[in-house]
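K.L.:
Okay, here's the structure, questions in a sec.
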Amino acid sequence: MSNPLTLREGGVADIDAVAELHARSWRKTYRGLFSDAFLDGPVFAERRDLWTRRLRGWDRERNAVLLAESQGALAGFAAIMLDTEPEWGARLDNLHVDPDGQGRGVGRLLMQAAGRWTVGKAPRLHLMVFDGNAAARGFYDEMQGECVERRDVTVEDGTRLVELRYLWRDLKVLTNTRR
């Protein structure tokens, strides 16, 4: 039997754990999309700087990082922001699951939690995903997201990629836990 997952909101004490999981996730998921030099080099430091700024400076009424844990170890996280492109609703800016624990329901749990956190704060939820990340796109399709936009972007290492915007117009789709 698998270990039960717990959810909690992250804070300053979680900076290193979130940055480390974020970097490991990028190293596995974005290999072939981002440059190897970036993924094998400064990705952890860059992610740590990001999470330090966020978790030390965020207005916790307008932003959240939700942590999924198994026996006290970080299994995944999701970050939600109300003020990033609010015309689309709340933005799910990050959803990362420990690469060794994928396929165990952590992503679904975090998506549902993000939907619940958003209810009453924003009418919709959206996220951006790289077109080349087929596994994530399949997951968002399964979670009934609607791909509504495609755009070219330059990412942290200078690489040009295509990203897609997924939108959930009805948060009930995410908060339905019967799946």
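Letters A, B, ... mark the chains of the structure tokens in the order given; residue numbers begin at 1 per chain; ligand numbers begin at 1, in order shown.
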Would you kindly return, as number ranges by chain, each protein, DNA or RNA residue with an atom no farther than 10 Å from any atom of Ala45 in chain A, considering only C-alpha atoms and excluding same-chain residues fewer than 2 positions away?
P.N.:
A: 16, 19-20, 23, 41-43, 47-51
K.L.:
Those same residues, written as an mmCIF file, in the first residue's frame with N, CA and C atoms?
P.N.:
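After the write, again-v4.cif holds the following:
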data_model
loop_
_atom_site.group_PDB
_atom_site.id
_atom_site.type_symbol
_atom_site.label_atom_id
_atom_site.label_comp_id
_atom_site.auth_asym_id
_atom_site.auth_seq_id
_atom_site.Cartn_x
_atom_site.Cartn_y
_atom_site.Cartn_z
ATOM 1 N N ASP A 16 14.398 25.537 0.054
ATOM 2 C CA ASP A 16 15.381 24.599 -0.495
ATOM 3 C C ASP A 16 14.722 23.336 -1.041
ATOM 4 N N ALA A 19 12.886 24.230 -4.317
ATOM 5 C CA ALA A 19 13.862 24.509 -5.383
ATOM 6 C C ALA A 19 14.538 23.226 -5.855
ATOM 7 N N GLU A 20 14.860 22.335 -4.934
ATOM 8 C CA GLU A 20 15.532 21.085 -5.298
ATOM 9 C C GLU A 20 14.611 20.201 -6.132
ATOM 10 N N ALA A 23 14.200 21.793 -9.617
ATOM 11 C CA ALA A 23 15.377 21.569 -10.464
ATOM 12 C C ALA A 23 15.428 20.120 -10.959
ATOM 13 N N GLY A 41 23.916 22.677 -15.015
ATOM 14 C CA GLY A 41 24.647 23.729 -14.318
ATOM 15 C C GLY A 41 23.775 24.524 -13.371
ATOM 16 N N PRO A 42 23.397 25.737 -13.779
ATOM 17 C CA PRO A 42 22.797 26.691 -12.840
ATOM 18 C C PRO A 42 21.308 26.522 -12.548
ATOM 19 N N VAL A 43 20.666 25.457 -12.999
ATOM 20 C CA VAL A 43 19.213 25.364 -12.818
ATOM 21 C C VAL A 43 18.813 25.388 -11.347
ATOM 22 N N ARG A 47 16.479 28.298 -9.739
ATOM 23 C CA ARG A 47 15.199 27.949 -9.103
ATOM 24 C C ARG A 47 15.197 28.366 -7.631
ATOM 25 N N ARG A 48 16.332 28.234 -6.946
ATOM 26 C CA ARG A 48 16.399 28.660 -5.541
ATOM 27 C C ARG A 48 16.200 30.162 -5.417
ATOM 28 N N ASP A 49 16.801 30.932 -6.312
ATOM 29 C CA ASP A 49 16.590 32.386 -6.309
ATOM 30 C C ASP A 49 15.114 32.711 -6.515
ATOM 31 N N LEU A 50 14.469 32.035 -7.459
ATOM 32 C CA LEU A 50 13.047 32.253 -7.719
ATOM 33 C C LEU A 50 12.213 31.980 -6.472
ATOM 34 N N TRP A 51 12.425 30.817 -5.848
ATOM 35 C CA TRP A 51 11.603 30.446 -4.687
ATOM 36 C C TRP A 51 11.925 31.280 -3.461
#
K.L.:
Any idea what's packed within 12 Å of Tyr30 in chain A, counting only C-alpha atoms, ignoring anything in its chain fewer than 3 positions away? Could you give it as a list in words?
P.N.:
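Listed by chain and then number, they are His22, Ala23, Arg24, Ser25, Trp26, Arg27, Leu33, Phe34, Ser35, Asp36, Phe38, Leu39, Asp40, Val43, His96, Pro99, Val129, Phe130, Asp131, Gly132, Asn133, Ala134, Ala135, Ala136, Val155, Glu156, Asp157, Thr159 and Leu161 of chain A.
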K.L.:
Please tabulate, as CSV, the residues of range 90-147 of chain A that come within 9 Å of range 171-177 of chain A, each with its closest pair of atoms and the distance in Å to one decimal, counting only C-alpha atoms and ordering rows by chain, then residue number upward.
P.N.:
residue,atom,partner,partner_atom,distance
A:Arg108,CA,A:Leu174,CA,8.7
A:Leu109,CA,A:Thr177,CA,8.7
A:Met111,CA,A:Leu174,CA,6.5
A:Gln112,CA,A:Thr175,CA,5.0
A:Ala113,CA,A:Thr175,CA,7.3
A:Ala114,CA,A:Leu174,CA,8.1
A:Gly115,CA,A:Leu174,CA,5.4
A:Arg116,CA,A:Thr175,CA,5.8
A:Thr118,CA,A:Leu171,CA,7.9
A:Val119,CA,A:Leu171,CA,6.9
A:Pro123,CA,A:Leu171,CA,7.5
A:Arg124,CA,A:Leu171,CA,6.2
A:Leu125,CA,A:Leu171,CA,7.2
A:Met143,CA,A:Leu174,CA,7.1
A:Gln144,CA,A:Val173,CA,7.1
A:Gly145,CA,A:Val173,CA,8.8
K.L.:
Do you have the CA of Ala75 in chain A-CA of Trp88 in chain A distance handy?
P.N.:
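Here the two named atoms are 28.1 Å from each other.
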K.L.:
Write out as a PyMOL selection string each polymer residue whose atoms come within 9 Å of Arg8 in chain A, counting only C-alpha atoms; drop sequence neighbours fewer than 3 positions from it.
P.N.:
chain A and resi 65-69
K.L.:
May I have the residues from that selection written out with N, CA and C atoms, as a PDB file, in the first residue's frame?
P.N.:
ATOM      1  N   VAL A  65       1.793  28.434  -2.521  1.00  0.00           N
ATOM      2  CA  VAL A  65       2.480  27.234  -2.982  1.00  0.00           C
ATOM      3  C   VAL A  65       1.947  26.104  -2.107  1.00  0.00           C
ATOM      4  N   LEU A  66       1.331  25.133  -2.763  1.00  0.00           N
ATOM      5  CA  LEU A  66       0.745  23.994  -2.075  1.00  0.00           C
ATOM      6  C   LEU A  66       1.703  22.816  -2.187  1.00  0.00           C
ATOM      7  N   LEU A  67       1.991  22.197  -1.054  1.00  0.00           N
ATOM      8  CA  LEU A  67       2.933  21.091  -1.013  1.00  0.00           C
ATOM      9  C   LEU A  67       2.204  19.789  -0.749  1.00  0.00           C
ATOM     10  N   ALA A  68       2.527  18.775  -1.537  1.00  0.00           N
ATOM     11  CA  ALA A  68       2.052  17.416  -1.284  1.00  0.00           C
ATOM     12  C   ALA A  68       3.227  16.665  -0.676  1.00  0.00           C
ATOM     13  N   GLU A  69       2.984  16.037   0.471  1.00  0.00           N
ATOM     14  CA  GLU A  69       4.049  15.321   1.165  1.00  0.00           C
ATOM     15  C   GLU A  69       3.636  13.884   1.443  1.00  0.00           C
TER      16      GLU A  69
END
K.L.:
Which residues are near Gly89 in chain A? Cut-off 9 Å, only C-alpha atoms, ignore same chain within fewer than 3 positions. Put them as a PDB file with N, CA and C atoms, in the first residue's frame.
P.N.:
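File selection-v4.pdb, as written:
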ATOM      1  N   LEU A  82      -2.773  34.927  -8.297  1.00  0.00           N
ATOM      2  CA  LEU A  82      -3.991  35.604  -8.745  1.00  0.00           C
ATOM      3  C   LEU A  82      -3.713  36.781  -9.673  1.00  0.00           C
ATOM      4  N   ASP A  83      -2.541  37.385  -9.587  1.00  0.00           N
ATOM      5  CA  ASP A  83      -2.284  38.638 -10.289  1.00  0.00           C
ATOM      6  C   ASP A  83      -1.403  38.514 -11.528  1.00  0.00           C
ATOM      7  N   THR A  84      -1.139  37.304 -11.988  1.00  0.00           N
ATOM      8  CA  THR A  84      -0.375  37.090 -13.212  1.00  0.00           C
ATOM      9  C   THR A  84      -1.369  36.780 -14.323  1.00  0.00           C
ATOM     10  N   GLU A  85      -1.552  37.717 -15.232  1.00  0.00           N
ATOM     11  CA  GLU A  85      -2.539  37.607 -16.307  1.00  0.00           C
ATOM     12  C   GLU A  85      -3.942  37.314 -15.750  1.00  0.00           C
ATOM     13  N   PRO A  86      -4.438  38.164 -14.859  1.00  0.00           N
ATOM     14  CA  PRO A  86      -5.730  37.904 -14.207  1.00  0.00           C
ATOM     15  C   PRO A  86      -6.914  37.857 -15.171  1.00  0.00           C
ATOM     16  N   THR A 118      -8.455  28.268  -5.510  1.00  0.00           N
ATOM     17  CA  THR A 118      -8.861  29.334  -6.425  1.00  0.00           C
ATOM     18  C   THR A 118     -10.334  29.719  -6.277  1.00  0.00           C
ATOM     19  N   LYS A 121     -11.773  33.169  -5.349  1.00  0.00           N
ATOM     20  CA  LYS A 121     -10.725  34.179  -5.558  1.00  0.00           C
ATOM     21  C   LYS A 121     -10.616  34.590  -7.020  1.00  0.00           C
ATOM     22  N   ALA A 122     -10.915  33.637  -7.924  1.00  0.00           N
ATOM     23  CA  ALA A 122     -10.848  33.891  -9.370  1.00  0.00           C
ATOM     24  C   ALA A 122     -11.862  32.976 -10.045  1.00  0.00           C
ATOM     25  N   PRO A 123     -12.392  33.410 -11.188  1.00  0.00           N
ATOM     26  CA  PRO A 123     -13.421  32.608 -11.848  1.00  0.00           C
ATOM     27  C   PRO A 123     -12.883  31.415 -12.639  1.00  0.00           C
ATOM     28  N   ARG A 124     -11.603  31.455 -13.000  1.00  0.00           N
ATOM     29  CA  ARG A 124     -11.003  30.424 -13.843  1.00  0.00           C
ATOM     30  C   ARG A 124      -9.568  30.165 -13.372  1.00  0.00           C
ATOM     31  N   LEU A 125      -8.975  29.111 -13.938  1.00  0.00           N
ATOM     32  CA  LEU A 125      -7.576  28.783 -13.671  1.00  0.00           C
ATOM     33  C   LEU A 125      -6.911  28.522 -15.020  1.00  0.00           C
ATOM     34  N   HIS A 126      -5.678  28.975 -15.185  1.00  0.00           N
ATOM     35  CA  HIS A 126      -4.926  28.724 -16.426  1.00  0.00           C
ATOM     36  C   HIS A 126      -3.486  28.397 -16.092  1.00  0.00           C
ATOM     37  N   LEU A 167      -6.720  26.208 -20.085  1.00  0.00           N
ATOM     38  CA  LEU A 167      -7.679  26.972 -19.297  1.00  0.00           C
ATOM     39  C   LEU A 167      -8.750  26.035 -18.748  1.00  0.00           C
ATOM     40  N   TRP A 168      -9.102  26.277 -17.503  1.00  0.00           N
ATOM     41  CA  TRP A 168     -10.252  25.626 -16.878  1.00  0.00           C
ATOM     42  C   TRP A 168     -11.269  26.725 -16.611  1.00  0.00           C
ATOM     43  N   ARG A 169     -12.320  26.745 -17.429  1.00  0.00           N
ATOM     44  CA  ARG A 169     -13.352  27.768 -17.325  1.00  0.00           C
ATOM     45  C   ARG A 169     -14.279  27.515 -16.138  1.00  0.00           C
TER      46      ARG A 169
END
K.L.:
Just the strand (DSSP E or B) stuff from chain A, please, per backbone DSSP, written as a PDB file with C-alpha atoms, in the first residue's frame.
P.N.:
ATOM      1  CA  LEU A   5      -0.322  12.081   0.901  1.00  0.00           C
ATOM      2  CA  THR A   6      -0.867  15.194   2.951  1.00  0.00           C
ATOM      3  CA  LEU A   7      -1.293  18.743   1.698  1.00  0.00           C
ATOM      4  CA  ARG A   8      -0.142  21.966   3.266  1.00  0.00           C
ATOM      5  CA  GLU A   9       0.738  25.486   2.253  1.00  0.00           C
ATOM      6  CA  ARG A  31      16.017  17.404 -21.173  1.00  0.00           C
ATOM      7  CA  PHE A  34      16.378  23.347 -22.498  1.00  0.00           C
ATOM      8  CA  ASN A  63      -0.454  33.629  -4.020  1.00  0.00           C
ATOM      9  CA  ALA A  64       0.117  30.148  -2.652  1.00  0.00           C
ATOM     10  CA  VAL A  65       2.480  27.234  -2.982  1.00  0.00           C
ATOM     11  CA  LEU A  66       0.745  23.994  -2.075  1.00  0.00           C
ATOM     12  CA  LEU A  67       2.933  21.091  -1.013  1.00  0.00           C
ATOM     13  CA  ALA A  68       2.052  17.416  -1.284  1.00  0.00           C
ATOM     14  CA  GLU A  69       4.049  15.321   1.165  1.00  0.00           C
ATOM     15  CA  SER A  70       4.442  11.638   1.851  1.00  0.00           C
ATOM     16  CA  ALA A  73       9.059  14.207   2.227  1.00  0.00           C
ATOM     17  CA  LEU A  74       8.080  16.577  -0.572  1.00  0.00           C
ATOM     18  CA  ALA A  75       6.254  14.612  -3.299  1.00  0.00           C
ATOM     19  CA  GLY A  76       5.149  17.599  -5.389  1.00  0.00           C
ATOM     20  CA  PHE A  77       4.073  21.209  -5.352  1.00  0.00           C
ATOM     21  CA  ALA A  78       1.825  23.666  -7.145  1.00  0.00           C
ATOM     22  CA  ALA A  79       2.069  27.470  -7.162  1.00  0.00           C
ATOM     23  CA  ILE A  80      -0.996  29.612  -7.797  1.00  0.00           C
ATOM     24  CA  MET A  81      -0.967  33.361  -8.469  1.00  0.00           C
ATOM     25  CA  ALA A  90      -5.679  32.516 -11.444  1.00  0.00           C
ATOM     26  CA  ARG A  91      -2.429  31.199 -12.880  1.00  0.00           C
ATOM     27  CA  LEU A  92      -1.084  27.810 -11.933  1.00  0.00           C
ATOM     28  CA  ASP A  93       2.526  28.765 -12.527  1.00  0.00           C
ATOM     29  CA  ASN A  94       4.175  25.565 -11.428  1.00  0.00           C
ATOM     30  CA  LEU A  95       3.028  21.999 -10.970  1.00  0.00           C
ATOM     31  CA  HIS A  96       5.883  19.592 -10.352  1.00  0.00           C
ATOM     32  CA  VAL A  97       5.869  16.062  -9.015  1.00  0.00           C
ATOM     33  CA  LEU A 125      -7.576  28.783 -13.671  1.00  0.00           C
ATOM     34  CA  HIS A 126      -4.926  28.724 -16.426  1.00  0.00           C
ATOM     35  CA  LEU A 127      -1.390  27.510 -16.927  1.00  0.00           C
ATOM     36  CA  MET A 128       1.331  27.469 -19.540  1.00  0.00           C
ATOM     37  CA  VAL A 129       2.968  24.218 -20.680  1.00  0.00           C
ATOM     38  CA  PHE A 130       5.628  23.611 -23.298  1.00  0.00           C
ATOM     39  CA  GLU A 146      -8.848  23.388 -22.766  1.00  0.00           C
ATOM     40  CA  CYS A 147      -5.873  24.446 -24.884  1.00  0.00           C
ATOM     41  CA  VAL A 148      -6.759  28.030 -25.849  1.00  0.00           C
ATOM     42  CA  GLU A 149      -3.502  29.661 -26.941  1.00  0.00           C
ATOM     43  CA  ARG A 150      -0.149  28.875 -28.535  1.00  0.00           C
ATOM     44  CA  ARG A 151       2.825  31.240 -28.404  1.00  0.00           C
ATOM     45  CA  ASP A 152       6.586  31.383 -28.920  1.00  0.00           C
ATOM     46  CA  VAL A 153       8.675  32.154 -25.844  1.00  0.00           C
ATOM     47  CA  THR A 154      12.309  32.464 -24.852  1.00  0.00           C
ATOM     48  CA  ARG A 160      13.060  29.446 -28.066  1.00  0.00           C
ATOM     49  CA  LEU A 161      10.105  27.127 -27.397  1.00  0.00           C
ATOM     50  CA  VAL A 162       6.385  26.954 -28.062  1.00  0.00           C
ATOM     51  CA  GLU A 163       4.143  27.064 -25.034  1.00  0.00           C
ATOM     52  CA  LEU A 164       0.445  26.387 -24.796  1.00  0.00           C
ATOM     53  CA  ARG A 165      -2.102  27.967 -22.479  1.00  0.00           C
ATOM     54  CA  TYR A 166      -4.545  25.559 -20.852  1.00  0.00           C
ATOM     55  CA  LEU A 167      -7.679  26.972 -19.297  1.00  0.00           C
ATOM     56  CA  TRP A 168     -10.252  25.626 -16.878  1.00  0.00           C
TER      57      TRP A 168
END
K.L.:
Determine which residues of chain A receive a DSSP assignment of alpha helix (DSSP H), computed from the backbone, and state them as a ChimeraX atom specification.
P.N.:
/A:15-29,36-40,43-57,106-118,134-142,172-175
K.L.:
In Å to one decimal, how far is CA of Gly10 in chain A from CA of Arg54 in chain A?
P.N.:
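Between CA of Arg54 in chain A and CA of Gly10 in chain A the gap is 10.8 Å.
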K.L.:
Using only C-alpha atoms, can you tell me which of A:Asp141, A:Gly107, A:Gly11, A:Ala17 comes closest to Asp59 in chain A?
P.N.:
A:Gly11
